[in-house]
$ cat coords.txt   # compact mmCIF, C-alpha atoms
# COMPACT_ATOMS: atom_id res chain seq x y z
CA MET Q 1 -18.06 2.39 -12.38
CA ARG Q 2 -16.09 1.09 -15.38
CA ASP Q 3 -12.88 2.20 -13.66
CA LEU Q 4 -13.47 -0.30 -10.83
CA GLY Q 5 -13.12 -3.15 -13.30
CA VAL Q 6 -10.15 -1.51 -15.01
CA GLY Q 7 -8.33 -1.16 -11.71
CA PHE Q 8 -8.96 -4.79 -10.82
CA ARG Q 9 -7.69 -5.88 -14.24
CA TYR Q 10 -4.43 -4.03 -13.61
CA LEU Q 11 -4.07 -5.98 -10.38
CA LEU Q 12 -4.52 -9.24 -12.28
CA LYS Q 13 -2.19 -8.14 -15.09
CA GLY Q 14 0.53 -7.42 -12.56
CA GLN Q 15 0.22 -10.91 -11.10
CA ARG Q 16 0.34 -12.43 -14.58
CA TRP Q 17 3.43 -10.40 -15.44
CA VAL Q 18 5.45 -11.71 -12.49
CA ALA Q 19 4.15 -15.22 -13.13
CA ARG Q 20 5.81 -15.03 -16.57
CA HIS Q 21 9.02 -13.58 -15.11
CA GLY Q 22 9.94 -16.07 -12.41
CA ARG Q 23 13.33 -14.59 -11.54
CA GLN Q 24 11.84 -11.15 -10.88
CA TYR Q 25 9.12 -12.76 -8.80
CA GLY Q 26 11.65 -14.67 -6.69
CA PHE Q 27 13.69 -11.56 -5.92
CA GLY Q 28 10.49 -9.63 -5.20
CA LEU Q 29 9.50 -12.09 -2.47
CA LEU Q 30 12.55 -11.41 -0.29
CA PRO Q 31 11.57 -7.97 1.11
CA GLY Q 32 8.09 -9.20 1.99
CA LEU Q 33 9.45 -12.21 3.84
CA ILE Q 34 11.87 -10.04 5.84
CA THR Q 35 9.09 -7.59 6.75
CA LEU Q 36 6.71 -10.42 7.65
CA VAL Q 37 9.20 -11.87 10.14
CA LEU Q 38 9.69 -8.45 11.77
CA TYR Q 39 5.95 -7.78 12.02
CA ALA Q 40 5.17 -11.27 13.29
CA ALA Q 41 7.77 -10.88 16.06
CA ALA Q 42 6.29 -7.51 17.07
CA LEU Q 43 2.71 -8.86 17.16
CA VAL Q 44 3.73 -11.95 19.15
CA ALA Q 45 5.51 -9.71 21.66
CA LEU Q 46 2.38 -7.56 21.92
CA ALA Q 47 0.21 -10.64 22.46
CA LEU Q 48 2.51 -11.86 25.23
CA TRP Q 49 3.11 -8.58 27.04
CA GLY Q 50 0.25 -6.36 25.90
CA GLU Q 51 -1.76 -6.99 29.06
CA ASP Q 52 1.24 -6.05 31.23
CA ALA Q 53 1.67 -2.85 29.21
CA VAL Q 54 -2.00 -1.95 29.73
CA ALA Q 55 -1.71 -2.65 33.47
CA TRP Q 56 1.35 -0.40 33.66
CA ALA Q 57 -0.46 2.38 31.79
CA THR Q 58 -3.60 2.24 34.01
CA PRO Q 59 -2.40 2.28 37.65
CA PHE Q 60 -5.53 4.20 38.64
CA ALA Q 61 -7.56 1.01 38.12
CA ASP Q 62 -5.52 -1.17 40.49
CA ASP Q 63 -8.09 -0.86 43.28
CA TRP Q 64 -11.13 -1.57 41.13
CA SER Q 65 -13.22 -4.55 42.21
CA SER Q 66 -13.81 -7.66 40.13
CA PRO Q 67 -15.03 -8.08 37.42
CA TRP Q 68 -14.63 -4.41 36.38
CA LEU Q 69 -10.85 -4.41 36.55
CA GLY Q 70 -10.55 -7.46 34.29
CA LEU Q 71 -13.18 -6.21 31.85
CA PHE Q 72 -11.64 -2.75 31.61
CA ARG Q 73 -8.07 -3.91 31.05
CA GLY Q 74 -9.16 -6.76 28.81
CA PHE Q 75 -11.05 -4.29 26.62
CA LEU Q 76 -8.03 -1.98 26.42
CA THR Q 77 -5.76 -4.91 25.57
CA ALA Q 78 -8.09 -5.96 22.75
CA VAL Q 79 -8.24 -2.37 21.46
CA LEU Q 80 -4.44 -2.12 21.57
CA PHE Q 81 -4.01 -5.35 19.60
CA ALA Q 82 -6.72 -4.35 17.08
CA LEU Q 83 -5.00 -1.01 16.47
CA ALA Q 84 -1.66 -2.79 16.08
CA LEU Q 85 -3.19 -5.12 13.47
CA LEU Q 86 -4.69 -2.17 11.60
CA LEU Q 87 -1.38 -0.34 11.68
CA ALA Q 88 0.40 -3.50 10.50
CA VAL Q 89 -1.93 -3.81 7.49
CA VAL Q 90 -1.59 -0.12 6.62
CA THR Q 91 2.20 0.06 7.06
CA PHE Q 92 3.16 -3.38 5.73
CA THR Q 93 3.36 -2.15 2.15
CA ALA Q 94 5.30 1.00 3.09
CA VAL Q 95 7.87 -0.91 5.14
CA THR Q 96 8.19 -3.68 2.55
CA LEU Q 97 8.73 -1.15 -0.23
CA LEU Q 98 11.34 0.65 1.86
CA VAL Q 99 13.18 -2.59 2.69
CA GLY Q 100 12.96 -3.76 -0.91
CA GLN Q 101 13.49 -0.43 -2.69
CA PRO Q 102 16.26 -1.71 -5.02
CA PHE Q 103 14.31 -4.92 -5.80
CA TYR Q 104 11.02 -3.21 -6.59
CA GLU Q 105 12.69 -0.35 -8.44
CA ASN Q 106 14.33 -2.90 -10.73
CA LEU Q 107 11.06 -4.82 -11.15
CA SER Q 108 9.12 -1.65 -11.99
CA GLU Q 109 11.71 -0.59 -14.56
CA LYS Q 110 11.49 -3.98 -16.27
CA VAL Q 111 7.70 -3.72 -16.44
CA ASP Q 112 8.03 -0.25 -18.00
CA ARG Q 113 10.48 -1.52 -20.62
CA ASP Q 114 8.28 -4.53 -21.36
CA VAL Q 115 5.12 -2.53 -22.07
CA SER Q 116 6.62 0.67 -23.47
CA PRO Q 117 6.34 0.92 -27.29
CA ASP Q 118 9.96 2.12 -27.50
CA GLY Q 119 11.27 -0.12 -24.70
CA HIS Q 120 12.12 2.93 -22.59
CA ALA Q 121 11.85 3.08 -18.78
CA PRO Q 122 11.92 6.50 -17.10
CA GLU Q 123 14.76 6.97 -14.62
CA SER Q 124 14.96 9.39 -11.72
CA GLY Q 125 18.69 10.00 -12.06
CA LEU Q 126 18.96 10.23 -8.28
CA PRO Q 127 21.47 8.29 -6.16
CA LEU Q 128 20.10 5.35 -4.15
CA TRP Q 129 20.42 7.13 -0.79
CA ARG Q 130 18.36 10.04 -2.10
CA GLU Q 131 15.64 7.72 -3.42
CA LEU Q 132 15.53 5.91 -0.06
CA TRP Q 133 15.23 9.20 1.79
CA ILE Q 134 12.37 10.42 -0.41
CA SER Q 135 10.61 7.05 -0.15
CA ALA Q 136 10.94 6.97 3.65
CA ARG Q 137 9.78 10.58 4.02
CA ASP Q 138 6.75 10.13 1.78
CA SER Q 139 5.86 6.78 3.37
CA LEU Q 140 5.87 8.39 6.82
CA ARG Q 141 3.49 11.09 5.59
CA ILE Q 142 1.16 8.47 4.16
CA VAL Q 143 1.28 6.36 7.33
CA VAL Q 144 0.33 9.41 9.42
CA ARG Q 145 -2.63 10.11 7.13
CA ALA Q 146 -3.68 6.46 7.22
CA ALA Q 147 -3.33 6.31 11.02
CA LEU Q 148 -5.60 9.34 11.42
CA TRP Q 149 -8.19 7.67 9.23
CA GLY Q 150 -7.77 4.47 11.23
CA VAL Q 151 -8.41 6.21 14.56
CA LEU Q 152 -11.47 7.97 13.12
CA LEU Q 153 -12.92 4.76 11.70
CA PHE Q 154 -12.16 2.86 14.90
CA ALA Q 155 -14.11 5.45 16.89
CA CYS Q 156 -16.99 5.27 14.40
CA GLY Q 157 -17.01 1.51 14.90
CA PHE Q 158 -18.76 2.01 18.24
CA VAL Q 159 -21.81 3.55 16.54
CA PRO Q 160 -24.59 0.91 16.66
CA VAL Q 161 -25.34 -0.92 13.38
CA VAL Q 162 -23.41 1.55 11.19
CA GLY Q 163 -20.18 0.77 13.03
CA GLN Q 164 -20.54 -2.94 12.33
CA THR Q 165 -21.65 -2.67 8.69
CA VAL Q 166 -20.78 0.55 6.87
CA VAL Q 167 -17.57 1.48 8.72
CA PRO Q 168 -15.64 -1.75 7.90
CA VAL Q 169 -16.48 -1.32 4.21
CA ILE Q 170 -15.27 2.29 4.26
CA GLY Q 171 -12.15 1.08 6.05
CA PHE Q 172 -11.28 -1.29 3.20
CA PHE Q 173 -11.72 1.48 0.61
CA VAL Q 174 -9.55 3.88 2.63
CA THR Q 175 -6.87 1.23 3.13
CA GLY Q 176 -7.02 0.34 -0.56
CA PHE Q 177 -6.44 3.97 -1.55
CA PHE Q 178 -3.33 4.29 0.62
CA LEU Q 179 -1.99 0.90 -0.49
CA THR Q 180 -2.32 2.01 -4.11
CA GLU Q 181 -0.52 5.26 -3.37
CA GLU Q 182 2.42 3.39 -1.85
CA LEU Q 183 2.61 0.94 -4.74
CA THR Q 184 2.28 3.45 -7.58
CA ALA Q 185 4.89 5.62 -5.84
CA VAL Q 186 7.60 3.21 -7.06
CA ALA Q 187 6.89 4.12 -10.70
CA LEU Q 188 5.74 7.70 -10.17
CA GLN Q 189 8.73 8.66 -8.03
CA ARG Q 190 11.04 7.62 -10.88
CA ARG Q 191 9.13 10.08 -13.05
CA GLY Q 192 9.65 12.94 -10.60
CA VAL Q 193 6.01 13.07 -9.45
CA GLU Q 194 5.94 14.42 -5.90
CA LEU Q 195 3.66 13.17 -3.13
CA ARG Q 196 1.12 15.99 -3.29
CA THR Q 197 0.77 15.61 -7.05
CA ARG Q 198 0.50 11.83 -6.69
CA LEU Q 199 -2.37 12.17 -4.23
CA THR Q 200 -4.18 14.64 -6.47
CA LEU Q 201 -3.68 12.36 -9.46
CA LEU Q 202 -5.05 9.33 -7.58
CA ARG Q 203 -8.04 11.28 -6.25
CA SER Q 204 -8.92 12.24 -9.82
CA ARG Q 205 -9.45 8.52 -10.59
CA LYS Q 206 -10.71 7.23 -7.23
CA THR Q 207 -12.79 4.38 -8.67
CA LEU Q 208 -9.77 3.14 -10.64
CA VAL Q 209 -7.71 3.26 -7.44
CA TRP Q 210 -10.39 1.47 -5.42
CA GLY Q 211 -10.72 -1.24 -8.06
CA PHE Q 212 -7.00 -1.92 -7.73
CA GLY Q 213 -6.40 -1.32 -4.03
CA THR Q 214 -9.54 -2.50 -2.23
CA PRO Q 215 -9.28 -6.19 -3.24
CA LEU Q 216 -5.59 -5.96 -2.36
CA ALA Q 217 -6.42 -4.53 1.08
CA VAL Q 218 -8.75 -7.48 1.73
CA ALA Q 219 -6.08 -9.96 0.60
CA PHE Q 220 -3.39 -8.23 2.68
CA LEU Q 221 -5.32 -9.07 5.86
CA VAL Q 222 -3.61 -12.45 5.53
CA PRO Q 223 0.13 -11.71 5.98
CA PHE Q 224 1.39 -14.67 3.94
CA VAL Q 225 -0.86 -13.66 1.06
CA ALA Q 226 0.56 -10.14 1.20
CA VAL Q 227 4.10 -11.48 0.78
CA PHE Q 228 3.23 -13.49 -2.33
CA LEU Q 229 1.13 -10.75 -3.93
CA MET Q 230 3.59 -7.89 -3.40
CA PRO Q 231 5.75 -8.40 -6.55
CA GLY Q 232 2.66 -8.61 -8.75
CA ALA Q 233 1.10 -5.63 -6.97
CA VAL Q 234 4.17 -3.52 -7.80
CA ALA Q 235 4.01 -4.67 -11.43
CA GLY Q 236 0.28 -3.92 -11.68
CA ALA Q 237 0.75 -0.52 -10.02
CA THR Q 238 3.41 0.34 -12.60
CA LEU Q 239 0.97 -0.45 -15.40
CA MET Q 240 -1.71 1.65 -13.73
CA ALA Q 241 0.73 4.53 -13.22
CA ARG Q 242 1.28 4.61 -16.98
CA GLU Q 243 -2.46 4.98 -17.55
CA LEU Q 244 -2.74 7.71 -14.91
CA LEU Q 245 -0.06 9.70 -16.72
CA GLY Q 246 -1.44 8.99 -20.18
CA GLU Q 247 1.53 6.88 -21.34
CA GLU Q 248 1.05 4.32 -24.08
CA ILE Q 249 1.01 0.64 -23.10
CA GLN Q 250 2.32 -2.01 -25.47
CA GLU Q 251 -0.32 -4.67 -24.96
CA GLY Q 252 1.92 -7.21 -26.64
CA GLY Q 253 4.13 -7.09 -23.56
CA GLU Q 254 1.15 -8.06 -21.45
CA GLU Q 255 -1.33 -9.91 -23.63
CA GLY Q 256 0.80 -11.03 -26.53
CA ASP Q 257 -1.21 -9.39 -29.31
CA GLY Q 258 1.26 -6.66 -30.21
CA ALA Q 259 -1.30 -3.88 -29.96
CA VAL Q 260 -0.50 -0.43 -28.64
CA THR Q 261 -3.10 1.35 -26.56
CA ALA Q 262 -3.04 4.97 -25.51
CA ALA Q 263 -4.26 5.60 -22.00
CA PRO Q 264 -6.49 8.63 -21.38
CA GLN Q 265 -4.44 11.79 -21.24
CA PRO Q 266 -4.08 13.27 -17.73
CA PRO Q 267 -5.42 16.73 -16.96
CA SER Q 268 -3.21 19.62 -17.94
CA GLY Q 269 -0.59 20.45 -15.36
CA TRP Q 270 0.56 16.87 -14.65
CA PRO Q 271 4.23 16.08 -15.17
CA ALA Q 272 4.98 14.96 -18.70
CA PRO Q 273 5.19 11.17 -19.15
CA GLY Q 274 8.69 9.86 -18.74
CA ARG Q 275 9.91 12.89 -16.84
$ encode --input "coords.txt" --output "structure tokens"
Amino acid sequence: MRDLGVGFRYLLKGQRWVARHGRQYGFGLLPGLITLVLYAAALVALALWGEDAVAWATPFADDWSSPWLGLFRGFLTAVLFALALLLAVVTFTAVTLLVGQPFYENLSEKVDRDVSPDGHAPESGLPLWRELWISARDSLRIVVRAALWGVLLFACGFVPVVGQTVVPVIGFFVTGFFLTEELTAVALQRRGVELRTRLTLLRSRKTLVWGFGTPLAVAFLVPFVAVFLMPGAVAGATLMARELLGEEIQEGGEEGDGAVTAAPQPPSGWPAPGR
């Protein structure tokens, strides 16, 4: 259970880091604002024309008598909008990171240099187009996994009592895991850690991941909050990625005491730190 608190502290440390680096924070806000506008437009369009879309998709119900027709299509419209909101929460981070790849890559590198004992930040050595392609490909794979979980949890939501109590809690933990994967991918991708290895690495420290990602998933339910927390979330995820890979963290860069701490070494077989 200690890892839950450690993960949450990394989330707070990331927010403190960007608070002390105002210019990086300002640049980091731009991708989130762009993504927010796009998502808001899509959700408004769904709210305005979702009922028409449901009516078009269910012509077999045109002859149903009142009130069954209204109840049936109203239920489907609500389900459609709920799924769209869930998908928006799950994919917001992936889309924002894709839109802001150069911004967040630069921010993550600066965090690495700030907390590294030798001031070194690992670099992928790949051209920008290649990094964008890998990021988009991996994000799509994560979104598919998250969507499958979302459909499963949505179906479980109809189970009496459990669906209204246990399922939402599980949903936040699942969402938090995938959010953390997307955020740590910025730092881990620069180190040449592939998606499958990233997932295995995160599963090996699930409580650490939940401590970081679950509070973030709750906060990200409010879109404006998500925009303002994204730069700090990327910074905190970079710090956590260093611990996951067993890289030393110069606490002076974060706390101001000049101490160097060695994170627990990862299991054998992980890519070497700084790859």
$ closest_residue --input "coords.txt" --among "Q:Phe224, Q:Leu201, Q:Leu87, Q:Asp118" --to "Q:Thr175" --atoms "only C-alpha atoms"
Q:Leu87
$ closest_residue --input "coords.txt" --among "Q:Pro59, Q:Gly176, Q:Gly50, Q:Gly150" --to "Q:Leu202" --atoms "all atoms listed in the file"
Q:Gly176
$ residues_around --input "coords.txt" --residues "Q:Phe92" --least-positions-apart "2" --cutoff "9 Å" --atoms "only C-alpha atoms" --output "PyMOL selection string"
chain Q and resi 32+35-36+39+87-90+94-97+220+223+226
$ write_last_selection --input "coords.txt" --atoms "C-alpha atoms" --output "CSV table (one decimal), in the coordinates of the input"
chain,number,residue,atom,x,y,z
Q,32,GLY,CA,8.1,-9.2,2.0
Q,35,THR,CA,9.1,-7.6,6.8
Q,36,LEU,CA,6.7,-10.4,7.6
Q,39,TYR,CA,6.0,-7.8,12.0
Q,87,LEU,CA,-1.4,-0.3,11.7
Q,88,ALA,CA,0.4,-3.5,10.5
Q,89,VAL,CA,-1.9,-3.8,7.5
Q,90,VAL,CA,-1.6,-0.1,6.6
Q,94,ALA,CA,5.3,1.0,3.1
Q,95,VAL,CA,7.9,-0.9,5.1
Q,96,THR,CA,8.2,-3.7,2.6
Q,97,LEU,CA,8.7,-1.2,-0.2
Q,220,PHE,CA,-3.4,-8.2,2.7
Q,223,PRO,CA,0.1,-11.7,6.0
Q,226,ALA,CA,0.6,-10.1,1.2
$ atom_distance --input "coords.txt" --atom1 "atom CA of Q:Gln101" --atom2 "atom CA of Q:Arg141"
17.4 Å
$ atom_distance --input "coords.txt" --atom1 "atom CA of Q:Leu29" --atom2 "atom CA of Q:Leu229"
8.6 Å
$ closest_residue --input "coords.txt" --among "Q:Arg196, Q:Arg242, Q:Arg2, Q:Lys206" --to "Q:Ser116" --atoms "only C-alpha atoms"
Q:Arg242
$ closest_residue --input "coords.txt" --among "Q:Val174, Q:Leu46, Q:Leu80, Q:Leu71" --to "Q:Arg203" --atoms "all atoms listed in the file"
Q:Val174
$ residues_around --input "coords.txt" --residues "Q:Tyr104" --least-positions-apart "4" --cutoff "8 Å" --atoms "all atoms listed in the file" --output "mmCIF file with C-alpha atoms, in the frame of the given file"
data_model
loop_
_atom_site.group_PDB
_atom_site.id
_atom_site.type_symbol
_atom_site.label_atom_id
_atom_site.label_comp_id
_atom_site.auth_asym_id
_atom_site.auth_seq_id
_atom_site.Cartn_x
_atom_site.Cartn_y
_atom_site.Cartn_z
ATOM 1 C CA GLY Q 28 10.490 -9.630 -5.200
ATOM 2 C CA LEU Q 97 8.730 -1.150 -0.230
ATOM 3 C CA GLY Q 100 12.960 -3.760 -0.910
ATOM 4 C CA SER Q 108 9.120 -1.650 -11.990
ATOM 5 C CA VAL Q 186 7.600 3.210 -7.060
ATOM 6 C CA PRO Q 231 5.750 -8.400 -6.550
ATOM 7 C CA VAL Q 234 4.170 -3.520 -7.800
#
$ closest_atom_pairs --input "coords.txt" --of "stretch 177-231 of chain Q" --to "stretch 5-11 of chain Q" --cutoff "9 Å" --atoms "all atoms listed in the file" --output "tab-separated table"
residue	atom	partner	partner_atom	distance
Q:Thr207	CA	Q:Gly7	CA	7.7
Q:Leu208	CA	Q:Gly7	CA	4.7
Q:Val209	CA	Q:Gly7	CA	6.2
Q:Trp210	CA	Q:Gly7	CA	7.1
Q:Gly211	CA	Q:Gly7	CA	4.4
Q:Phe212	CA	Q:Gly7	CA	4.3
Q:Gly213	CA	Q:Gly7	CA	7.9
Q:Thr214	CA	Q:Phe8	CA	8.9
Q:Pro215	CA	Q:Phe8	CA	7.7
Q:Leu216	CA	Q:Leu11	CA	8.2
